[in-house]
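Participant: Contents of structure_37.cif (mmCIF, C-alpha atoms):
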data_work
loop_
_atom_site.group_PDB
_atom_site.id
_atom_site.type_symbol
_atom_site.label_atom_id
_atom_site.label_comp_id
_atom_site.auth_asym_id
_atom_site.auth_seq_id
_atom_site.Cartn_x
_atom_site.Cartn_y
_atom_site.Cartn_z
ATOM 1 C CA MET W 140 91.830 -15.183 -15.972
ATOM 2 C CA GLN W 141 90.321 -13.211 -13.127
ATOM 3 C CA ASP W 142 88.548 -10.949 -15.632
ATOM 4 C CA ASP W 143 87.179 -14.001 -17.462
ATOM 5 C CA ARG W 144 85.791 -15.448 -14.227
ATOM 6 C CA TRP W 145 84.144 -12.141 -13.377
ATOM 7 C CA GLU W 146 82.500 -11.983 -16.809
ATOM 8 C CA ARG W 147 81.311 -15.605 -16.547
ATOM 9 C CA GLU W 148 79.858 -14.941 -13.070
ATOM 10 C CA ALA W 149 78.122 -11.828 -14.304
ATOM 11 C CA LEU W 150 76.639 -13.671 -17.280
ATOM 12 C CA ARG W 151 75.578 -16.498 -14.976
ATOM 13 C CA GLU W 152 73.789 -14.066 -12.618
ATOM 14 C CA VAL W 153 72.066 -12.392 -15.545
ATOM 15 C CA ALA W 154 70.899 -15.779 -16.870
ATOM 16 C CA LEU W 155 69.691 -16.894 -13.435
ATOM 17 C CA GLU W 156 67.829 -13.638 -12.903
ATOM 18 C CA GLY W 157 66.126 -14.107 -16.263
ATOM 19 C CA ILE W 158 65.090 -17.625 -15.231
ATOM 20 C CA ARG W 159 63.792 -16.348 -11.876
ATOM 21 C CA GLU W 160 61.842 -13.579 -13.617
ATOM 22 C CA ARG W 161 60.217 -16.066 -15.969
ATOM 23 C CA ARG W 162 59.248 -18.245 -13.029
ATOM 24 C CA ARG W 163 57.701 -15.270 -11.222
ATOM 25 C CA SER W 164 55.798 -14.341 -14.366
ATOM 26 C CA ARG W 165 54.485 -17.877 -14.703
ATOM 27 C CA ARG W 166 53.378 -17.930 -11.052
ATOM 28 C CA TRP W 167 51.544 -14.609 -11.414
ATOM 29 C CA GLY W 168 49.978 -15.822 -14.647
ATOM 30 C CA ILE W 169 48.759 -19.003 -12.955
ATOM 31 C CA LEU W 170 47.396 -16.955 -10.038
ATOM 32 C CA PHE W 171 45.464 -14.565 -12.265
ATOM 33 C CA LYS W 172 44.083 -17.436 -14.333
ATOM 34 C CA ALA W 173 42.971 -19.221 -11.158
ATOM 35 C CA LEU W 174 41.291 -16.061 -9.855
ATOM 36 C CA PHE W 175 39.513 -15.531 -13.179
ATOM 37 C CA LEU W 176 38.374 -19.169 -13.218
ATOM 38 C CA GLY W 177 37.106 -18.792 -9.654
ATOM 39 C CA TYR W 178 35.204 -15.660 -10.628
ATOM 40 C CA LEU W 179 33.557 -17.482 -13.530
ATOM 41 C CA LEU W 180 32.598 -20.370 -11.240
ATOM 42 C CA VAL W 181 31.031 -17.981 -8.714
ATOM 43 C CA VAL W 182 29.011 -16.251 -11.451
ATOM 44 C CA LEU W 183 27.913 -19.624 -12.828
ATOM 45 C CA ALA W 184 26.910 -20.782 -9.346
ATOM 46 C CA LEU W 185 24.825 -17.641 -8.812
ATOM 47 C CA VAL W 186 23.171 -18.025 -12.206
ATOM 48 C CA MET W 187 22.391 -21.711 -11.728
ATOM 49 C CA GLY W 188 21.417 -21.399 -8.050
ATOM 50 C CA TRP W 189 24.065 -23.796 -6.722
ATOM 51 C CA PHE W 190 24.744 -21.970 -3.453
ATOM 52 C CA PRO W 191 23.035 -23.224 -0.266
ATOM 53 C CA GLY W 192 19.668 -21.611 0.263
ATOM 54 C CA THR W 193 18.920 -21.008 -3.404
ATOM 55 C CA SER W 194 17.456 -24.464 -4.065
ATOM 56 C CA ASP W 195 14.054 -25.706 -2.964
ATOM 57 C CA ALA W 196 13.681 -27.050 0.544
ATOM 58 C CA PRO W 197 13.313 -30.841 1.035
ATOM 59 C CA PRO W 198 9.807 -32.238 0.372
ATOM 60 C CA GLY W 199 7.259 -32.420 3.164
ATOM 61 C CA PRO W 200 4.499 -30.294 4.717
ATOM 62 C CA HIS W 201 5.348 -26.620 4.496
ATOM 63 C CA ALA W 202 4.016 -23.100 4.060
ATOM 64 C CA ALA W 203 4.465 -21.820 0.500
ATOM 65 C CA LEU W 204 5.860 -18.291 0.340
ATOM 66 C CA VAL W 205 5.730 -15.823 -2.548
ATOM 67 C CA GLU W 206 7.162 -12.303 -2.171
ATOM 68 C CA VAL W 207 6.139 -9.052 -3.840
ATOM 69 C CA ASP W 208 8.817 -6.478 -3.051
ATOM 70 C CA GLY W 209 8.804 -3.175 -4.901
ATOM 71 C CA ALA W 210 6.705 -1.458 -7.526
ATOM 72 C CA ILE W 211 4.170 -3.500 -9.494
ATOM 73 C CA MET W 212 4.934 -2.741 -13.116
ATOM 74 C CA PRO W 213 4.804 -4.597 -16.443
ATOM 75 C CA GLY W 214 8.047 -6.272 -17.422
ATOM 76 C CA GLY W 215 9.491 -6.154 -13.906
ATOM 77 C CA GLU W 216 9.991 -8.655 -11.103
ATOM 78 C CA ASN W 217 6.473 -7.972 -9.812
ATOM 79 C CA ASP W 218 4.407 -8.125 -12.980
ATOM 80 C CA ALA W 219 1.324 -10.324 -13.333
ATOM 81 C CA GLU W 220 3.110 -13.002 -15.340
ATOM 82 C CA THR W 221 5.935 -13.497 -12.821
ATOM 83 C CA ILE W 222 3.812 -13.346 -9.668
ATOM 84 C CA GLY W 223 1.114 -15.502 -11.248
ATOM 85 C CA ALA W 224 3.631 -18.195 -12.196
ATOM 86 C CA ALA W 225 5.045 -18.250 -8.660
ATOM 87 C CA LEU W 226 1.564 -18.521 -7.137
ATOM 88 C CA ARG W 227 0.615 -21.378 -9.460
ATOM 89 C CA ARG W 228 3.687 -23.305 -8.321
ATOM 90 C CA ALA W 229 2.876 -22.603 -4.682
ATOM 91 C CA PHE W 230 -0.765 -23.688 -4.919
ATOM 92 C CA SER W 231 -0.048 -26.798 -6.996
ATOM 93 C CA ASP W 232 2.483 -28.333 -4.589
ATOM 94 C CA GLU W 233 0.744 -31.204 -2.781
ATOM 95 C CA ASP W 234 2.862 -30.634 0.334
ATOM 96 C CA SER W 235 1.758 -27.002 0.648
ATOM 97 C CA ARG W 236 -0.487 -26.500 3.683
ATOM 98 C CA GLY W 237 -1.103 -22.856 2.929
ATOM 99 C CA VAL W 238 0.143 -20.066 0.657
ATOM 100 C CA ILE W 239 1.526 -16.805 2.029
ATOM 101 C CA LEU W 240 1.926 -13.721 -0.140
ATOM 102 C CA LYS W 241 4.405 -11.375 1.540
ATOM 103 C CA VAL W 242 3.844 -7.866 0.189
ATOM 104 C CA ASN W 243 6.008 -4.791 0.626
ATOM 105 C CA SER W 244 5.044 -2.393 -2.144
ATOM 106 C CA PRO W 245 3.689 1.131 -2.658
ATOM 107 C CA GLY W 246 1.594 -0.079 -5.609
ATOM 108 C CA GLY W 247 1.978 0.524 -9.310
ATOM 109 C CA SER W 248 0.085 -0.520 -12.409
ATOM 110 C CA PRO W 249 -3.660 -1.062 -11.853
ATOM 111 C CA VAL W 250 -3.708 -3.454 -14.817
ATOM 112 C CA GLN W 251 -1.004 -5.686 -13.355
ATOM 113 C CA ALA W 252 -2.597 -5.543 -9.887
ATOM 114 C CA ASN W 253 -6.000 -6.517 -11.268
ATOM 115 C CA ARG W 254 -4.551 -9.427 -13.248
ATOM 116 C CA ILE W 255 -2.759 -10.771 -10.173
ATOM 117 C CA ASN W 256 -5.961 -10.382 -8.147
ATOM 118 C CA GLN W 257 -7.912 -12.305 -10.779
ATOM 119 C CA GLU W 258 -5.322 -15.082 -10.826
ATOM 120 C CA ILE W 259 -5.462 -15.360 -7.038
ATOM 121 C CA ARG W 260 -9.231 -15.730 -7.163
ATOM 122 C CA ARG W 261 -8.935 -18.409 -9.846
ATOM 123 C CA LEU W 262 -6.325 -20.357 -7.885
ATOM 124 C CA LYS W 263 -8.442 -20.220 -4.732
ATOM 125 C CA GLU W 264 -11.367 -21.714 -6.637
ATOM 126 C CA GLU W 265 -9.100 -24.367 -8.149
ATOM 127 C CA HIS W 266 -7.513 -25.246 -4.769
ATOM 128 C CA PRO W 267 -10.257 -24.627 -2.161
ATOM 129 C CA GLU W 268 -8.415 -26.801 0.367
ATOM 130 C CA THR W 269 -5.356 -24.501 0.368
ATOM 131 C CA PRO W 270 -5.745 -21.370 2.520
ATOM 132 C CA PHE W 271 -4.282 -18.140 1.207
ATOM 133 C CA TYR W 272 -2.863 -15.447 3.472
ATOM 134 C CA VAL W 273 -1.249 -12.049 2.922
ATOM 135 C CA VAL W 274 1.382 -10.557 5.222
ATOM 136 C CA ALA W 275 2.126 -6.851 4.755
ATOM 137 C CA GLY W 276 5.511 -5.222 5.215
ATOM 138 C CA ASP W 277 6.260 -1.509 5.493
ATOM 139 C CA MET W 278 4.119 -0.529 2.479
ATOM 140 C CA PHE W 279 0.805 -2.144 1.552
ATOM 141 C CA THR W 280 -0.897 0.537 -0.464
ATOM 142 C CA SER W 281 -2.700 1.220 -3.728
ATOM 143 C CA GLY W 282 -2.028 -1.536 -6.297
ATOM 144 C CA ALA W 283 -0.305 -3.651 -3.648
ATOM 145 C CA TYR W 284 -3.541 -3.773 -1.667
ATOM 146 C CA TYR W 285 -5.555 -4.262 -4.866
ATOM 147 C CA LEU W 286 -3.711 -7.439 -5.882
ATOM 148 C CA ALA W 287 -3.918 -9.009 -2.410
ATOM 149 C CA VAL W 288 -7.437 -8.128 -1.299
ATOM 150 C CA SER W 289 -8.855 -11.585 -2.125
ATOM 151 C CA ALA W 290 -6.844 -13.238 0.657
ATOM 152 C CA ASP W 291 -8.602 -15.352 3.253
ATOM 153 C CA GLU W 292 -6.889 -13.248 5.917
ATOM 154 C CA ILE W 293 -4.596 -10.217 5.829
ATOM 155 C CA TYR W 294 -1.916 -9.723 8.487
ATOM 156 C CA VAL W 295 -0.125 -6.430 9.062
ATOM 157 C CA ASP W 296 2.354 -4.855 11.423
ATOM 158 C CA GLN W 297 1.209 -2.045 13.704
ATOM 159 C CA ALA W 298 3.331 0.377 11.683
ATOM 160 C CA SER W 299 2.515 -0.924 8.190
ATOM 161 C CA LEU W 300 1.076 1.707 5.865
ATOM 162 C CA VAL W 301 -2.175 0.356 4.434
ATOM 163 C CA GLY W 302 -4.791 1.667 2.020
ATOM 164 C CA SER W 303 -4.475 4.420 -0.584
ATOM 165 C CA ILE W 304 -7.500 2.978 -2.375
ATOM 166 C CA GLY W 305 -7.538 5.490 -5.186
ATOM 167 C CA VAL W 306 -6.063 6.276 -8.589
ATOM 168 C CA LEU W 307 -3.948 9.184 -9.725
ATOM 169 C CA MET W 308 -2.367 10.605 -12.826
ATOM 170 C CA ASN W 309 0.173 13.355 -12.485
ATOM 171 C CA GLY W 310 2.367 15.448 -14.729
ATOM 172 C CA PHE W 311 3.397 19.012 -15.510
ATOM 173 C CA GLY W 312 2.222 21.872 -17.699
ATOM 174 C CA PHE W 313 4.848 23.817 -19.623
ATOM 175 C CA HIS W 314 2.862 26.058 -21.963
ATOM 176 C CA GLU W 315 3.347 29.303 -19.982
ATOM 177 C CA ALA W 316 7.085 28.685 -19.577
ATOM 178 C CA MET W 317 7.346 28.048 -23.312
ATOM 179 C CA GLU W 318 5.566 31.314 -24.065
ATOM 180 C CA ARG W 319 7.953 33.265 -21.837
ATOM 181 C CA LEU W 320 10.942 31.630 -23.511
ATOM 182 C CA GLY W 321 9.549 32.270 -26.972
ATOM 183 C CA ILE W 322 9.296 28.566 -27.830
ATOM 184 C CA GLU W 323 6.775 27.698 -30.536
ATOM 185 C CA ARG W 324 4.844 24.466 -30.049
ATOM 186 C CA ARG W 325 4.359 22.528 -33.295
ATOM 187 C CA LEU W 326 1.923 19.680 -32.745
ATOM 188 C CA HIS W 327 0.348 17.764 -35.618
ATOM 189 C CA THR W 328 -2.114 14.930 -35.023
ATOM 190 C CA ALA W 329 -4.458 12.608 -36.880
ATOM 191 C CA GLY W 330 -7.430 12.126 -34.588
ATOM 192 C CA ASP W 331 -9.200 14.795 -32.569
ATOM 193 C CA ASN W 332 -8.105 13.428 -29.189
ATOM 194 C CA LYS W 333 -4.616 12.199 -30.027
ATOM 195 C CA ALA W 334 -3.022 15.102 -28.117
ATOM 196 C CA PHE W 335 -5.071 14.303 -25.011
ATOM 197 C CA MET W 336 -3.506 15.966 -21.936
ATOM 198 C CA ASP W 337 -0.424 17.103 -23.861
ATOM 199 C CA PRO W 338 1.845 18.711 -21.216
ATOM 200 C CA PHE W 339 3.112 21.365 -23.653
ATOM 201 C CA SER W 340 -0.359 22.681 -24.530
ATOM 202 C CA GLU W 341 -2.811 24.650 -22.431
ATOM 203 C CA GLU W 342 -5.064 22.375 -20.394
ATOM 204 C CA ASP W 343 -8.424 21.715 -22.051
ATOM 205 C CA PRO W 344 -11.429 21.522 -19.643
ATOM 206 C CA ASP W 345 -12.994 18.821 -21.813
ATOM 207 C CA ASP W 346 -9.818 16.753 -21.562
ATOM 208 C CA VAL W 347 -9.752 17.171 -17.784
ATOM 209 C CA GLU W 348 -13.371 16.028 -17.556
ATOM 210 C CA ARG W 349 -12.669 13.016 -19.743
ATOM 211 C CA LEU W 350 -9.568 12.149 -17.695
ATOM 212 C CA GLN W 351 -11.591 12.332 -14.493
ATOM 213 C CA ARG W 352 -14.081 9.858 -15.945
ATOM 214 C CA LEU W 353 -11.239 7.465 -16.711
ATOM 215 C CA LEU W 354 -9.829 7.767 -13.201
ATOM 216 C CA ASP W 355 -13.280 7.325 -11.646
ATOM 217 C CA ASP W 356 -13.844 4.203 -13.737
ATOM 218 C CA ILE W 357 -10.580 2.613 -12.603
ATOM 219 C CA HIS W 358 -11.298 3.700 -9.028
ATOM 220 C CA GLY W 359 -14.688 1.999 -9.242
ATOM 221 C CA GLN W 360 -13.007 -1.236 -10.339
ATOM 222 C CA PHE W 361 -10.645 -0.961 -7.366
ATOM 223 C CA ILE W 362 -13.535 -0.358 -4.951
ATOM 224 C CA ALA W 363 -15.480 -3.328 -6.336
ATOM 225 C CA ALA W 364 -12.467 -5.604 -5.865
ATOM 226 C CA VAL W 365 -12.037 -4.464 -2.250
ATOM 227 C CA GLN W 366 -15.708 -4.893 -1.466
ATOM 228 C CA GLU W 367 -15.769 -8.355 -2.999
ATOM 229 C CA GLY W 368 -12.570 -9.436 -1.294
ATOM 230 C CA ARG W 369 -13.324 -8.077 2.188
ATOM 231 C CA GLY W 370 -17.113 -8.316 2.224
ATOM 232 C CA ASP W 371 -18.758 -7.788 5.599
ATOM 233 C CA ARG W 372 -15.407 -7.255 7.282
ATOM 234 C CA LEU W 373 -15.265 -3.692 5.928
ATOM 235 C CA ALA W 374 -16.386 -0.972 8.285
ATOM 236 C CA ASP W 375 -19.184 1.375 7.216
ATOM 237 C CA ASP W 376 -16.820 4.296 6.690
ATOM 238 C CA ASP W 377 -16.596 6.439 3.543
ATOM 239 C CA ARG W 378 -12.948 7.225 4.273
ATOM 240 C CA ILE W 379 -11.944 3.712 3.204
ATOM 241 C CA PHE W 380 -12.166 4.613 -0.494
ATOM 242 C CA SER W 381 -10.902 8.197 -0.196
ATOM 243 C CA GLY W 382 -7.309 7.357 -1.120
ATOM 244 C CA ASP W 383 -6.169 7.922 2.477
ATOM 245 C CA VAL W 384 -3.503 5.783 4.167
ATOM 246 C CA TRP W 385 -3.660 4.224 7.639
ATOM 247 C CA THR W 386 -1.388 2.393 10.017
ATOM 248 C CA GLY W 387 -1.758 -1.348 10.390
ATOM 249 C CA THR W 388 -3.670 -0.923 13.641
ATOM 250 C CA GLU W 389 -6.120 1.523 12.041
ATOM 251 C CA SER W 390 -6.544 -0.731 9.001
ATOM 252 C CA ILE W 391 -7.770 -3.546 11.256
ATOM 253 C CA GLU W 392 -10.358 -1.223 12.805
ATOM 254 C CA LEU W 393 -11.566 -0.304 9.295
ATOM 255 C CA GLY W 394 -11.715 -3.932 8.184
ATOM 256 C CA LEU W 395 -8.948 -3.611 5.611
ATOM 257 C CA ALA W 396 -6.848 -6.160 7.523
ATOM 258 C CA ASP W 397 -7.571 -8.887 10.044
ATOM 259 C CA GLU W 398 -4.774 -9.207 12.598
ATOM 260 C CA ILE W 399 -1.291 -8.161 13.628
ATOM 261 C CA GLY W 400 1.133 -10.843 12.527
ATOM 262 C CA SER W 401 4.390 -11.691 10.745
ATOM 263 C CA VAL W 402 5.243 -14.421 8.253
ATOM 264 C CA GLN W 403 6.682 -16.532 11.064
ATOM 265 C CA TYR W 404 3.474 -16.124 13.067
ATOM 266 C CA VAL W 405 1.294 -17.232 10.157
ATOM 267 C CA VAL W 406 3.549 -20.212 9.382
ATOM 268 C CA ARG W 407 3.750 -21.420 12.968
ATOM 269 C CA ASP W 408 0.458 -20.426 14.597
ATOM 270 C CA VAL W 409 -2.012 -20.147 11.712
ATOM 271 C CA ILE W 410 -0.944 -22.777 9.177
ATOM 272 C CA GLY W 411 0.647 -24.929 11.863
ATOM 273 C CA VAL W 412 3.845 -26.119 10.164
ATOM 274 C CA GLU W 413 7.525 -25.653 10.881
ATOM 275 C CA ARG W 414 9.011 -25.121 7.460
ATOM 276 C CA THR W 415 8.646 -22.569 4.683
ATOM 277 C CA ARG W 416 9.457 -23.049 1.032
ATOM 278 C CA ASP W 417 10.068 -19.956 -1.096
ATOM 279 C CA TYR W 418 8.420 -20.064 -4.545
ATOM 280 C CA THR W 419 9.308 -16.490 -5.507
ATOM 281 C CA ILE W 420 10.687 -16.249 -9.034
ATOM 282 C CA ARG W 421 13.777 -14.071 -8.940
ATOM 283 C CA PRO W 422 15.964 -13.066 -11.879
ATOM 284 C CA ASN W 423 19.498 -14.411 -11.929
ATOM 285 C CA ILE W 424 22.507 -12.139 -11.684
ATOM 286 C CA LEU W 425 22.822 -11.644 -15.451
ATOM 287 C CA GLU W 426 19.133 -10.792 -15.812
ATOM 288 C CA ARG W 427 19.364 -8.345 -12.909
ATOM 289 C CA PHE W 428 22.321 -6.591 -14.509
ATOM 290 C CA GLY W 429 20.699 -6.410 -17.946
ATOM 291 C CA ARG W 430 17.363 -5.321 -16.552
ATOM 292 C CA GLY W 431 18.982 -2.697 -14.342
ATOM 293 C CA VAL W 432 20.824 -1.134 -17.255
ATOM 294 C CA GLY W 433 17.737 -1.256 -19.474
ATOM 295 C CA VAL W 434 15.446 0.229 -16.840
ATOM 296 C CA ALA W 435 17.892 3.020 -16.050
ATOM 297 C CA ILE W 436 18.173 3.985 -19.708
ATOM 298 C CA GLY W 437 14.421 3.658 -20.316
ATOM 299 C CA ASP W 438 13.465 5.667 -17.247
ATOM 300 C CA THR W 439 15.891 8.445 -18.141
ATOM 301 C CA VAL W 440 14.611 8.705 -21.708
ATOM 302 C CA ALA W 441 10.953 8.487 -20.626
ATOM 303 C CA GLU W 442 11.310 11.187 -17.978
ATOM 304 C CA LYS W 443 13.024 13.484 -20.459
ATOM 305 C CA LEU W 444 10.301 12.977 -23.058
ATOM 306 C CA ILE W 445 7.002 12.488 -21.192
ATOM 307 C CA GLY W 446 7.616 12.965 -17.475
ATOM 308 C CA PRO W 447 7.021 10.419 -14.682
ATOM 309 C CA ALA W 448 4.806 7.339 -14.899
ATOM 310 C CA PRO W 449 1.107 8.323 -14.935
ATOM 311 C CA PHE W 450 -0.510 5.889 -12.500
ATOM 312 C CA GLU W 451 0.340 4.788 -8.982
#
Kindly present the structure from the file in structure tokens form.

Facilitator:
Amino acid sequence: MQDDRWEREALREVALEGIRERRRSRRWGILFKALFLGYLLVVLALVMGWFPGTSDAPPGPHAALVEVDGAIMPGGENDAETIGAALRRAFSDEDSRGVILKVNSPGGSPVQANRINQEIRRLKEEHPETPFYVVAGDMFTSGAYYLAVSADEIYVDQASLVGSIGVLMNGFGFHEAMERLGIERRLHTAGDNKAFMDPFSEEDPDDVERLQRLLDDIHGQFIAAVQEGRGDRLADDDRIFSGDVWTGTESIELGLADEIGSVQYVVRDVIGVERTRDYTIRPNILERFGRGVGVAIGDTVAEKLIGPAPFE
């Protein structure tokens, strides 16, 4: 009898332990499912802009803000299509008392910069009652200055880097290294100039001359835009268009900028309102991830094949 009781107790403990184990498994399963559901909800909230601060501010008089942060390149966050769409929204809002373009960029594509500049000029003509201001961050050079030069007033920090009104194309020449390594270059083209500035061939003086004409032409377009945008405010100084860079304080002396000031200063003391509404078009979290992967792959392949981007 005693042996039977011992066996029954042992079987009972085994059964109870199995029940307890199943309960623990269910609890862990519920916990992991809840965590996964919470993760999905957070991602959905980020994508849809449900978190506080991601939606538009309440209606009423405000300063309309658009940001340009980073390189100005086609297909990126700062291309002409994206920035132009944000500016159109900012100018068209009836409660906007002024539009501020906050720029922190070393420049980029002259085509994209010119298109943004043209759109700014068009919007100013379409909305003459809405003042347009630019506030520079750390970098306000090259294409970044090009796109913003039509502003009514440009504000900088003392330490902002401003200028670089020029155009460049850079690369490398590998023909001597290939000769030393015994590598034969096999290049076949249809069209006399199709291999223009090929980095694996010896540099052709005629190609260099033709390239310089192209750069001078684009530089002339840049200069014309600056002269039209700044007018009589520009100092009579040939250094302005030399491609040099100045501090914010020096840029005011040269007429490239107007005053020292931040976004808050322009909102409060220039436009005269208390609130700011951000019209910047930013990619959602899924677009950022996809774009980041695509850009990383594209940049790696491009640098392996043709070297760095040609214009800055």

Participant: Which one of W:Ala334, W:Leu354, W:Val306, W:Val273 sits closest to Phe380 of chain W if you count all atoms listed in the file?

Facilitator: W:Val306

Participant: Return the single residue from W:Glu315, W:Asp296, W:Glu341, W:Asp371 that is closest to Gly387 of chain W, with distances computed using only C-alpha atoms.

Facilitator: W:Asp296

Participant: As a check of understanding, name the residues that the PyMOL selection byres ((chain W and resi 360) around 12) selects in the supplied structure, as a CSV table (one decimal) with C-alpha atoms, in the frame of the given file.

Facilitator:
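Writing the result to selection_15.csv gives the following:
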chain,number,residue,atom,x,y,z
W,249,PRO,CA,-3.7,-1.1,-11.9
W,250,VAL,CA,-3.7,-3.5,-14.8
W,252,ALA,CA,-2.6,-5.5,-9.9
W,253,ASN,CA,-6.0,-6.5,-11.3
W,256,ASN,CA,-6.0,-10.4,-8.1
W,282,GLY,CA,-2.0,-1.5,-6.3
W,285,TYR,CA,-5.6,-4.3,-4.9
W,304,ILE,CA,-7.5,3.0,-2.4
W,305,GLY,CA,-7.5,5.5,-5.2
W,306,VAL,CA,-6.1,6.3,-8.6
W,353,LEU,CA,-11.2,7.5,-16.7
W,354,LEU,CA,-9.8,7.8,-13.2
W,355,ASP,CA,-13.3,7.3,-11.6
W,356,ASP,CA,-13.8,4.2,-13.7
W,357,ILE,CA,-10.6,2.6,-12.6
W,358,HIS,CA,-11.3,3.7,-9.0
W,359,GLY,CA,-14.7,2.0,-9.2
W,361,PHE,CA,-10.6,-1.0,-7.4
W,362,ILE,CA,-13.5,-0.4,-5.0
W,363,ALA,CA,-15.5,-3.3,-6.3
W,364,ALA,CA,-12.5,-5.6,-5.9
W,365,VAL,CA,-12.0,-4.5,-2.2
W,366,GLN,CA,-15.7,-4.9,-1.5
W,367,GLU,CA,-15.8,-8.4,-3.0
W,380,PHE,CA,-12.2,4.6,-0.5

Participant: Using only C-alpha atoms, what residues lie at most 8 Å away from (-14.8, -3.5, 13.5) (file coordinates), given as a ChimeraX atom specification?

Facilitator: /W:372-374,391-394

Participant: Leaving out Thr221 of chain W and any residue of its chain fewer than 4 positions from it, which residues lie within 12 Å of it when counting all atoms listed in the file, given as a list of chain:residue names?

Facilitator: W:Val205, W:Glu206, W:Val207, W:Ile211, W:Met212, W:Pro213, W:Gly214, W:Gly215, W:Glu216, W:Asn217, W:Ala225, W:Leu226, W:Arg227, W:Arg228, W:Gln251, W:Arg254, W:Ile255, W:Glu258, W:Tyr418, W:Thr419, W:Ile420, W:Arg421, W:Pro422

Participant: If we count only C-alpha atoms and set the cut-off at 7 Å, which residues sit around Ser244 of chain W, ignoring sequence neighbours fewer than 4 positions away in its own chain? Please answer as a list in words.

Facilitator: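 Near Ser244 of chain W, the qualifying residues are Val207, Asp208, Gly209, Ala210, Met278, Phe279, Thr280 and Ala283 of chain W.
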
Participant: List, as a PyMOL selection string, every residue that the PyMOL selection byres ((chain W and resi 233-243) around 8) selects in the file provided.

Facilitator: chain W and resi 198-209+229-232+244-245+269-279+283+287+402+410+412

Participant: Quick one, how far is atom CA of Gln257 of chain W from atom CA of Ala219 of chain W?

Facilitator: 9.8 Å

Participant: I'd like the interatomic distance between atom CA of Pro338 of chain W and atom CA of Arg352 of chain W, to a tenth of an Å.

Facilitator: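 Separation between atom CA of Pro338 of chain W and atom CA of Arg352 of chain W: 19.0 Å.
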
Participant: By how many Å are atom CA of Gly370 of chain W and atom CA of Glu398 of chain W apart?

Facilitator: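 Between atom CA of Gly370 of chain W and atom CA of Glu398 of chain W the gap is 16.1 Å.
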
Participant: Can you pull out the residues contacting Phe339 of chain W? Cut-off 9 Å, using only C-alpha atoms, and skip same-chain residues under 3 positions away; I want them as a PDB file with C-alpha atoms, in the frame of the given file.

Facilitator:
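See part_16.pdb below for the written result:
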ATOM      1  CA  PHE W 311       3.397  19.012 -15.510  1.00  0.00           C
ATOM      2  CA  GLY W 312       2.222  21.872 -17.699  1.00  0.00           C
ATOM      3  CA  PHE W 313       4.848  23.817 -19.623  1.00  0.00           C
ATOM      4  CA  HIS W 314       2.862  26.058 -21.963  1.00  0.00           C
ATOM      5  CA  GLU W 315       3.347  29.303 -19.982  1.00  0.00           C
ATOM      6  CA  MET W 317       7.346  28.048 -23.312  1.00  0.00           C
ATOM      7  CA  ARG W 324       4.844  24.466 -30.049  1.00  0.00           C
ATOM      8  CA  MET W 336      -3.506  15.966 -21.936  1.00  0.00           C
ATOM      9  CA  GLU W 342      -5.064  22.375 -20.394  1.00  0.00           C
TER      10      GLU W 342
END

Participant: Around all of segment 306-320 of chain W's listed atoms, make the axis-aligned box with 4 Å on each side and tell me centre and edge lengths in Å to one decimal, as AutoDock Vina command-line options.

Facilitator:
--center_x 2.4 --center_y 19.8 --center_z -16.3 --size_x 25.0 --size_y 35.0 --size_z 23.5

Participant: Specify as a list in words each residue included when the PyMOL selection byres ((chain W and resi 388) around 10) is applied to this file.

Facilitator: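 That expression, the PyMOL selection byres ((chain W and resi 388) around 10), corresponds here to Val295, Asp296, Gln297, Ala298, Ser299, Leu300, Val301, Trp385, Thr386, Gly387, Glu389, Ser390, Ile391, Glu392, Leu393, Leu395, Ala396, Asp397, Glu398 and Ile399 of chain W.
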
Participant: Determine the nearest neighbour of Ala224 of chain W from the options W:Gly321, W:Ile259, W:Asp337, W:Ser281, counting only C-alpha atoms.

Facilitator: W:Ile259
